[in-house]
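A quick write-up on the structure given underneath.
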Amino acid sequence: MKKVIANWGNYPAMESDERLFSYDDQLQDIIRNSPHFIPRGNGRCYGDASLAGETINTIKYDKILSFDSENGVFECQSGLTLDQILEVIVPKGWFLPVTPGTKFITIGGAVGSDVHGKNHHVDGTFGQHIIDMDIILADGSLVTCSPSQLPDLFEATCGGMGLTGMITRVKFQLKKIPSSYISQKQIKAANLEELIRLFEEYKHYTYSMAWIDCLQKGNSFGRGIMTIGEFAKPEELNEKQRKAPLALPKKKAITIPFNFPSWSLNTFTVKAFNFLYYNKNVKKEISSVTTYEPFFYPLDALLHWNRCYGKKGFVQYQFVLPLEAKEGLIDILRRIGARGMGSFLVVLKVFGKQENSLISFPFEGYTLALDFPVRKGLFEFLDELDQVVLKYGGRLYMSKDARMKPSMLEAGYPRLQEFKSIVQKYNPDGKIRSIQSDRLELTK
């Protein structure tokens, strides 16, 4: 069925012939008869990675295949969302080993983006917890791969933006939790220097992230709020929480009903939001116990929050720089402040080591993610930021990308040619391709 589709950033949008399936043999027939296609899940990557003239959507392919609740091994079809998985595993005392900032992505999307979370410095990316998975290749054949079985295919699929084939089944290891609550601490930092010092001081915490007020100057440059946390132990819960320590949070979502007008996002409104957000915490440090949803998925409480950026949409710019390249963070934040390109969402995290990564985004360093509404001059400005990222030895996240140039990708990913060779091996005619893979010359 042809329809106009876009991913979460609503940029770009295009007409696509979308195919749905429920069974393996259906999918194999579709693949054998399709000239070109790209796998697609819930459309929660930000840019153009799952956009093409023909898409094969996994969203109806969403069955749980097995759940070993004693050992925390979970196996499901690729269209199952993290939200659906959490509803089953949390009451049994298990959690996702790694989760991004939304629970509305499919498990296939989590693999294709090799997602990271607030715990990368401890637990790595999602792909590091996969036991094995099934993939239907471009010729319609079904294969199983794992870190030891077809390891080249496995590595190129984790973070490979769906270019090696259709992921159909994933078996992975869960994380044991003592409760469904998070014991969290929020600490206000007066500037970027203090914020980075806090990351060092609290690096023993499993989960950490910080929000930054990107428009501050002088002594307040880079001020923000750091949030750290651990799953709460029973003795940390109050009396009511102890009665059901593995309870699922109650669903309380608000829907943004329409696209905001483009003029509503400007330097003044970003400054006002940042002032209120920074000062909502009256105390320097606040400790509390909360359910896991506001800790891991704060924006999921606002359904369709992407509409806040208007009809033209937005791009999320996420890069990583080595730990020693803090000057690069300062340089980029200064350029954003000088151009008045403020962003509500500016999230800083620290990545740990990820040895021998083929195409996955993280490496040891600081990663910053910012949202920018699409407007005149934005892409030229982001090209300018790209050069700063390269100067300090960093790279961009393909799952968020909608405008990077091929030279930027090549400079940031030292094993890119090896990745291209593996894609060529399993997808020899470029049958599986997206407008992103063509733009980045991965399949062109």
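Identifiers in the structure tokens: chain A, B, ... in order shown; residue index from 1 per chain; ligand index from 1 in order shown.
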Within 8 Å of segment 314-321 of chain A using only C-alpha atoms, minus same-chain residues under 3 positions, as number ranges by chain: A: 9-11, 46-47, 306, 309, 325-326, 328-329, 362-363, 365-374, 389, 392-397, 400-402
Which of segment 71-300 of chain A counts as strand (DSSP E) under DSSP, as number ranges by chain please? A: 73-77, 94-95, 130-136, 142-145, 166-173, 175-176, 181-189, 207-212, 224-231, 254-255, 285-291
Just checking: using only C-alpha atoms, which residue out of A:Asn427, A:Ser437, A:Thr255, A:Asn281 ends up closest to Met404 of chain A?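 Ranking A:Asn427, A:Ser437, A:Thr255, A:Asn281 by distance to Met404 of chain A, first place goes to A:Ser437.
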Would you please extract all helix (DSSP H, G or I) residues from segment 137-330 of chain A, as assigned by DSSP on the backbone, and give them as a ChimeraX atom specification? /A:151-157,192-201,218-220,234-236,239-243,262-264,267-279,292-296,298-301,305-309,326-330
Write a file of the just-selected residues containing C-alpha atoms, as a CSV table (one decimal), in the first residue's frame.
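Full text of result_4.csv as output:
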```csv
chain,number,residue,atom,x,y,z
A,151,PRO,CA,30.3,-13.6,12.9
A,152,ASP,CA,30.8,-11.2,9.9
A,153,LEU,CA,27.1,-11.1,9.3
A,154,PHE,CA,26.4,-10.7,13.0
A,155,GLU,CA,28.7,-7.8,13.4
A,156,ALA,CA,27.6,-6.0,10.3
A,157,THR,CA,23.9,-6.4,11.3
A,192,LEU,CA,30.2,22.3,31.9
A,193,GLU,CA,33.5,21.8,33.9
A,194,GLU,CA,31.5,20.8,37.0
A,195,LEU,CA,29.3,18.5,34.9
A,196,ILE,CA,32.2,16.6,33.5
A,197,ARG,CA,33.7,16.4,37.0
A,198,LEU,CA,30.5,14.8,38.2
A,199,PHE,CA,30.6,12.2,35.4
A,200,GLU,CA,34.1,11.2,36.7
A,201,GLU,CA,32.9,11.2,40.4
A,218,GLY,CA,30.3,33.1,31.0
A,219,ASN,CA,30.6,31.3,34.3
A,220,SER,CA,27.3,29.4,33.6
A,234,PRO,CA,13.7,-3.7,48.5
A,235,GLU,CA,14.9,-1.8,51.6
A,236,GLU,CA,14.9,1.5,49.7
A,239,GLU,CA,5.7,0.7,52.4
A,240,LYS,CA,3.4,1.0,49.4
A,241,GLN,CA,6.1,0.1,46.9
A,242,ARG,CA,7.2,-2.9,48.9
A,243,LYS,CA,3.7,-4.5,48.5
A,262,SER,CA,7.2,26.9,13.4
A,263,TRP,CA,7.5,30.3,15.0
A,264,SER,CA,6.8,28.8,18.5
A,267,THR,CA,15.8,31.5,21.1
A,268,PHE,CA,13.4,33.2,23.5
A,269,THR,CA,11.2,30.1,24.1
A,270,VAL,CA,14.3,27.8,24.4
A,271,LYS,CA,15.9,30.2,27.0
A,272,ALA,CA,12.6,30.3,28.9
A,273,PHE,CA,12.3,26.5,28.9
A,274,ASN,CA,15.9,26.1,30.0
A,275,PHE,CA,15.6,28.6,32.8
A,276,LEU,CA,12.5,26.8,34.2
A,277,TYR,CA,13.9,23.3,33.7
A,278,TYR,CA,17.2,24.2,35.4
A,279,ASN,CA,15.5,25.9,38.3
A,292,TYR,CA,11.5,3.2,35.8
A,293,GLU,CA,9.4,5.0,33.1
A,294,PRO,CA,10.2,8.6,33.9
A,295,PHE,CA,13.9,7.6,34.5
A,296,PHE,CA,14.4,5.8,31.2
A,298,PRO,CA,10.7,10.7,30.1
A,299,LEU,CA,9.6,11.8,26.6
A,300,ASP,CA,7.3,8.8,26.1
A,301,ALA,CA,4.9,10.5,28.5
A,305,TRP,CA,6.2,15.0,21.0
A,306,ASN,CA,7.9,15.3,17.6
A,307,ARG,CA,4.9,17.5,16.6
A,308,CYS,CA,6.4,20.2,18.8
A,309,TYR,CA,8.9,20.9,16.0
A,326,LYS,CA,36.6,18.0,26.0
A,327,GLU,CA,37.6,21.1,24.0
A,328,GLY,CA,35.5,19.8,21.2
A,329,LEU,CA,32.4,19.8,23.4
A,330,ILE,CA,33.1,23.4,24.4
```
Taking 4 positions as the minimum chain separation for residues in the same chain, which residues sit within 10 Å of segment 170-179 of chain A when counting only C-alpha atoms? Answer as an mmCIF file with N, CA and C atoms, in the first residue's frame.
```cif
data_model
loop_
_atom_site.group_PDB
_atom_site.id
_atom_site.type_symbol
_atom_site.label_atom_id
_atom_site.label_comp_id
_atom_site.auth_asym_id
_atom_site.auth_seq_id
_atom_site.Cartn_x
_atom_site.Cartn_y
_atom_site.Cartn_z
ATOM 1 N N LEU A 65 8.491 -15.765 21.349
ATOM 2 C CA LEU A 65 8.751 -17.165 20.992
ATOM 3 C C LEU A 65 9.130 -17.997 22.200
ATOM 4 N N SER A 66 9.844 -17.420 23.149
ATOM 5 C CA SER A 66 10.150 -18.127 24.392
ATOM 6 C C SER A 66 10.631 -17.116 25.432
ATOM 7 N N PHE A 67 10.449 -17.474 26.701
ATOM 8 C CA PHE A 67 10.925 -16.639 27.801
ATOM 9 C C PHE A 67 11.312 -17.564 28.951
ATOM 10 N N ASP A 68 12.601 -17.705 29.165
ATOM 11 C CA ASP A 68 13.116 -18.487 30.287
ATOM 12 C C ASP A 68 13.219 -17.533 31.484
ATOM 13 N N SER A 69 12.172 -17.528 32.308
ATOM 14 C CA SER A 69 12.117 -16.565 33.412
ATOM 15 C C SER A 69 13.064 -16.929 34.553
ATOM 16 N N GLU A 70 13.613 -18.157 34.532
ATOM 17 C CA GLU A 70 14.608 -18.526 35.542
ATOM 18 C C GLU A 70 15.967 -17.920 35.221
ATOM 19 N N ASN A 71 16.334 -17.969 33.948
ATOM 20 C CA ASN A 71 17.668 -17.528 33.529
ATOM 21 C C ASN A 71 17.661 -16.210 32.751
ATOM 22 N N GLY A 72 16.481 -15.654 32.505
ATOM 23 C CA GLY A 72 16.402 -14.346 31.842
ATOM 24 C C GLY A 72 16.792 -14.369 30.384
ATOM 25 N N VAL A 73 16.412 -15.420 29.674
ATOM 26 C CA VAL A 73 16.681 -15.484 28.226
ATOM 27 C C VAL A 73 15.354 -15.283 27.493
ATOM 28 N N PHE A 74 15.333 -14.301 26.599
ATOM 29 C CA PHE A 74 14.095 -13.910 25.912
ATOM 30 C C PHE A 74 14.298 -14.054 24.413
ATOM 31 N N GLU A 75 13.246 -14.534 23.720
ATOM 32 C CA GLU A 75 13.340 -14.766 22.280
ATOM 33 C C GLU A 75 12.036 -14.298 21.641
ATOM 34 N N CYS A 76 12.133 -13.475 20.604
ATOM 35 C CA CYS A 76 10.914 -12.923 20.011
ATOM 36 C C CYS A 76 11.111 -12.614 18.535
ATOM 37 N N GLN A 77 9.980 -12.356 17.857
ATOM 38 C CA GLN A 77 10.029 -11.891 16.477
ATOM 39 C C GLN A 77 10.447 -10.423 16.459
ATOM 40 N N SER A 78 10.903 -9.978 15.321
ATOM 41 C CA SER A 78 11.594 -8.682 15.270
ATOM 42 C C SER A 78 10.667 -7.474 15.362
ATOM 43 N N ILE A 89 8.369 -8.975 31.022
ATOM 44 C CA ILE A 89 9.572 -9.353 31.789
ATOM 45 C C ILE A 89 9.677 -8.663 33.148
ATOM 46 N N VAL A 90 9.202 -7.420 33.254
ATOM 47 C CA VAL A 90 9.374 -6.682 34.518
ATOM 48 C C VAL A 90 8.678 -7.382 35.691
ATOM 49 N N PRO A 91 7.422 -7.822 35.552
ATOM 50 C CA PRO A 91 6.788 -8.516 36.694
ATOM 51 C C PRO A 91 7.507 -9.789 37.112
ATOM 52 N N LYS A 92 8.371 -10.328 36.236
ATOM 53 C CA LYS A 92 9.138 -11.539 36.557
ATOM 54 C C LYS A 92 10.529 -11.205 37.096
ATOM 55 N N GLY A 93 10.833 -9.914 37.276
ATOM 56 C CA GLY A 93 12.111 -9.531 37.863
ATOM 57 C C GLY A 93 13.242 -9.362 36.867
ATOM 58 N N TRP A 94 12.903 -9.036 35.616
ATOM 59 C CA TRP A 94 13.939 -8.848 34.595
ATOM 60 C C TRP A 94 13.730 -7.509 33.873
ATOM 61 N N PHE A 95 14.802 -7.015 33.274
ATOM 62 C CA PHE A 95 14.722 -5.760 32.523
ATOM 63 C C PHE A 95 15.586 -5.891 31.270
ATOM 64 N N LEU A 96 15.389 -4.961 30.341
ATOM 65 C CA LEU A 96 16.209 -4.941 29.127
ATOM 66 C C LEU A 96 17.666 -4.668 29.505
ATOM 67 N N PRO A 97 18.602 -5.366 28.879
ATOM 68 C CA PRO A 97 20.015 -5.133 29.238
ATOM 69 C C PRO A 97 20.471 -3.728 28.852
ATOM 70 N N VAL A 98 19.910 -3.226 27.776
ATOM 71 C CA VAL A 98 20.232 -1.888 27.267
ATOM 72 C C VAL A 98 18.953 -1.321 26.659
ATOM 73 N N ILE A 107 12.306 -4.555 18.399
ATOM 74 C CA ILE A 107 13.557 -5.231 18.744
ATOM 75 C C ILE A 107 14.469 -5.308 17.509
ATOM 76 N N GLY A 108 13.863 -5.412 16.315
ATOM 77 C CA GLY A 108 14.675 -5.391 15.097
ATOM 78 C C GLY A 108 15.371 -4.049 14.920
ATOM 79 N N VAL A 111 18.393 -3.738 17.166
ATOM 80 C CA VAL A 111 19.586 -4.415 16.636
ATOM 81 C C VAL A 111 20.180 -3.604 15.480
ATOM 82 N N ASP A 123 27.483 -1.620 30.490
ATOM 83 C CA ASP A 123 26.885 -2.772 29.808
ATOM 84 C C ASP A 123 27.028 -2.773 28.295
ATOM 85 N N PHE A 126 23.261 -2.888 22.794
ATOM 86 C CA PHE A 126 22.295 -3.992 22.794
ATOM 87 C C PHE A 126 22.887 -5.240 22.135
ATOM 88 N N GLY A 127 23.648 -5.039 21.061
ATOM 89 C CA GLY A 127 24.197 -6.176 20.328
ATOM 90 C C GLY A 127 25.080 -7.064 21.181
ATOM 91 N N GLN A 128 25.676 -6.531 22.223
ATOM 92 C CA GLN A 128 26.569 -7.311 23.078
ATOM 93 C C GLN A 128 25.807 -8.298 23.969
ATOM 94 N N HIS A 129 24.478 -8.238 23.947
ATOM 95 C CA HIS A 129 23.658 -9.119 24.789
ATOM 96 C C HIS A 129 22.840 -10.110 23.956
ATOM 97 N N ILE A 130 23.086 -10.100 22.631
ATOM 98 C CA ILE A 130 22.358 -11.027 21.750
ATOM 99 C C ILE A 130 23.043 -12.391 21.784
ATOM 100 N N ILE A 131 22.224 -13.430 21.931
ATOM 101 C CA ILE A 131 22.747 -14.815 21.903
ATOM 102 C C ILE A 131 22.819 -15.288 20.455
ATOM 103 N N ASP A 132 21.715 -15.162 19.737
ATOM 104 C CA ASP A 132 21.735 -15.414 18.288
ATOM 105 C C ASP A 132 20.490 -14.790 17.675
ATOM 106 N N MET A 133 20.474 -14.737 16.342
ATOM 107 C CA MET A 133 19.310 -14.164 15.656
ATOM 108 C C MET A 133 19.203 -14.752 14.254
ATOM 109 N N ASP A 134 17.977 -14.708 13.703
ATOM 110 C CA ASP A 134 17.724 -15.172 12.337
ATOM 111 C C ASP A 134 17.594 -13.972 11.412
ATOM 112 N N ILE A 135 18.112 -14.129 10.198
ATOM 113 C CA ILE A 135 18.044 -13.074 9.190
ATOM 114 C C ILE A 135 17.654 -13.696 7.859
ATOM 115 N N THR A 144 20.991 -18.268 10.434
ATOM 116 C CA THR A 144 21.147 -17.915 11.853
ATOM 117 C C THR A 144 22.571 -17.414 12.059
ATOM 118 N N CYS A 145 22.708 -16.323 12.797
ATOM 119 C CA CYS A 145 24.053 -15.818 13.082
ATOM 120 C C CYS A 145 24.159 -15.441 14.560
ATOM 121 N N SER A 146 25.392 -15.387 15.024
ATOM 122 C CA SER A 146 25.695 -15.086 16.428
ATOM 123 C C SER A 146 27.148 -14.622 16.478
ATOM 124 N N GLU A 230 20.218 3.666 40.045
ATOM 125 C CA GLU A 230 20.338 2.206 40.094
ATOM 126 C C GLU A 230 18.933 1.649 40.353
ATOM 127 N N PHE A 231 18.697 0.406 39.959
ATOM 128 C CA PHE A 231 17.433 -0.225 40.349
ATOM 129 C C PHE A 231 17.403 -0.343 41.873
ATOM 130 N N ALA A 232 16.294 0.080 42.460
ATOM 131 C CA ALA A 232 16.209 0.168 43.920
ATOM 132 C C ALA A 232 16.120 -1.211 44.574
ATOM 133 N N LYS A 233 16.809 -1.338 45.694
ATOM 134 C CA LYS A 233 16.718 -2.563 46.497
ATOM 135 C C LYS A 233 15.443 -2.499 47.342
ATOM 136 N N PRO A 234 14.933 -3.659 47.768
ATOM 137 C CA PRO A 234 13.678 -3.662 48.535
ATOM 138 C C PRO A 234 13.711 -2.729 49.738
ATOM 139 N N GLU A 236 15.014 0.052 50.035
ATOM 140 C CA GLU A 236 14.935 1.466 49.654
ATOM 141 C C GLU A 236 13.510 1.892 49.289
ATOM 142 N N LEU A 237 12.596 0.928 49.199
ATOM 143 C CA LEU A 237 11.223 1.234 48.803
ATOM 144 C C LEU A 237 10.387 1.641 50.010
ATOM 145 N N GLN A 241 5.315 0.725 47.975
ATOM 146 C CA GLN A 241 6.098 0.117 46.897
ATOM 147 C C GLN A 241 6.509 -1.308 47.247
ATOM 148 N N ARG A 242 6.765 -1.578 48.522
ATOM 149 C CA ARG A 242 7.199 -2.923 48.942
ATOM 150 C C ARG A 242 6.102 -3.968 48.743
ATOM 151 N N ALA A 244 4.296 -4.316 46.160
ATOM 152 C CA ALA A 244 4.380 -4.811 44.772
ATOM 153 C C ALA A 244 5.676 -4.282 44.155
ATOM 154 N N PRO A 245 6.821 -4.820 44.578
ATOM 155 C CA PRO A 245 8.104 -4.263 44.136
ATOM 156 C C PRO A 245 8.391 -4.407 42.657
ATOM 157 N N LEU A 246 7.665 -5.294 41.964
ATOM 158 C CA LEU A 246 7.895 -5.474 40.524
ATOM 159 C C LEU A 246 6.684 -5.013 39.710
ATOM 160 N N ALA A 247 5.939 -4.077 40.256
ATOM 161 C CA ALA A 247 4.741 -3.579 39.565
ATOM 162 C C ALA A 247 5.128 -2.791 38.323
ATOM 163 N N THR A 291 9.417 5.261 39.617
ATOM 164 C CA THR A 291 9.214 4.132 38.715
ATOM 165 C C THR A 291 10.191 4.254 37.546
ATOM 166 N N TYR A 292 10.401 3.159 36.828
ATOM 167 C CA TYR A 292 11.451 3.186 35.792
ATOM 168 C C TYR A 292 11.092 4.046 34.586
#
```
Please tabulate, as a tab-separated table, the residues of segment 231-332 of chain A that come within 7 Å of segment 186-190 of chain A, each with its closest pair of atoms and the distance in Å to one decimal, counting only C-alpha atoms and ordering rows by chain, then residue number upward.
```
residue	atom	partner	partner_atom	distance
A:Lys284	CA	A:Lys188	CA	5.3
A:Glu285	CA	A:Ile187	CA	4.5
A:Ile286	CA	A:Gln186	CA	5.2
A:Ser287	CA	A:Gln186	CA	6.5
```
What does the distance between atom CA of Asp83 of chain A and atom CA of Val4 of chain A come to in Å, to one decimal place?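 A separation of 25.4 Å between them.
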Pull the closest atom pair for each residue of segment 277-379 of chain A that gets at most 8 Å from segment 116-120 of chain A, along with the distance in Å to one decimal, counting only C-alpha atoms, ordering rows by chain and then ascending residue number, as a tab-separated table.
```
residue	atom	partner	partner_atom	distance
A:Lys349	CA	A:Lys118	CA	6.8
A:Val350	CA	A:His120	CA	7.4
A:Phe351	CA	A:His120	CA	5.3
A:Gly352	CA	A:His120	CA	5.9
A:Pro362	CA	A:His116	CA	7.8
```
Given the selection you just returned, output its residues as a file containing N, CA, C and O atoms, formatted as a compact mmCIF listing (two decimals), in the first residue's frame.
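Done, and the output landed in out-v3.txt:
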```txt
# COMPACT_ATOMS: atom_id res chain seq x y z
N LYS A 349 26.08 12.10 27.62
CA LYS A 349 26.32 10.79 28.26
C LYS A 349 27.78 10.44 28.07
O LYS A 349 28.47 11.03 27.23
N VAL A 350 28.22 9.44 28.82
CA VAL A 350 29.58 8.95 28.65
C VAL A 350 29.52 7.51 28.14
O VAL A 350 28.70 6.71 28.59
N PHE A 351 30.34 7.22 27.14
CA PHE A 351 30.44 5.85 26.63
C PHE A 351 31.68 5.18 27.22
O PHE A 351 32.71 5.82 27.42
N GLY A 352 31.56 3.87 27.44
CA GLY A 352 32.72 3.10 27.84
C GLY A 352 33.42 2.50 26.63
O GLY A 352 33.10 2.84 25.48
N PRO A 362 29.00 3.81 19.25
CA PRO A 362 29.76 4.24 20.42
C PRO A 362 31.24 3.87 20.39
O PRO A 362 31.64 2.85 19.84
```
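By only C-alpha atoms, and with residues fewer than 6 positions from segment 16-33 of chain A along its chain excluded, the set lying at most 8 Å from it is Met1, Lys2, Lys3, Val4, Ile5, Leu51, Ala52, Gly53, Glu54, Thr55, Ile56, Asn57, Thr58, Ile59, Lys60, Tyr61, Ile136, Ala138, Asp139, Gly140, Ser141 and Thr168 of chain A.
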Which of these residues is nearest to Tyr426 of chain A, using only C-alpha atoms: A:Lys203, A:Arg334, A:Ser180, A:Leu163? A:Leu163
Out of A:Gln417, A:Ser357, A:Thr106, A:Asn266, which residue has the shortest atom-to-atom distance to Met341 of chain A when counting only C-alpha atoms?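 Closest to Met341 of chain A of all the choices is A:Asn266.
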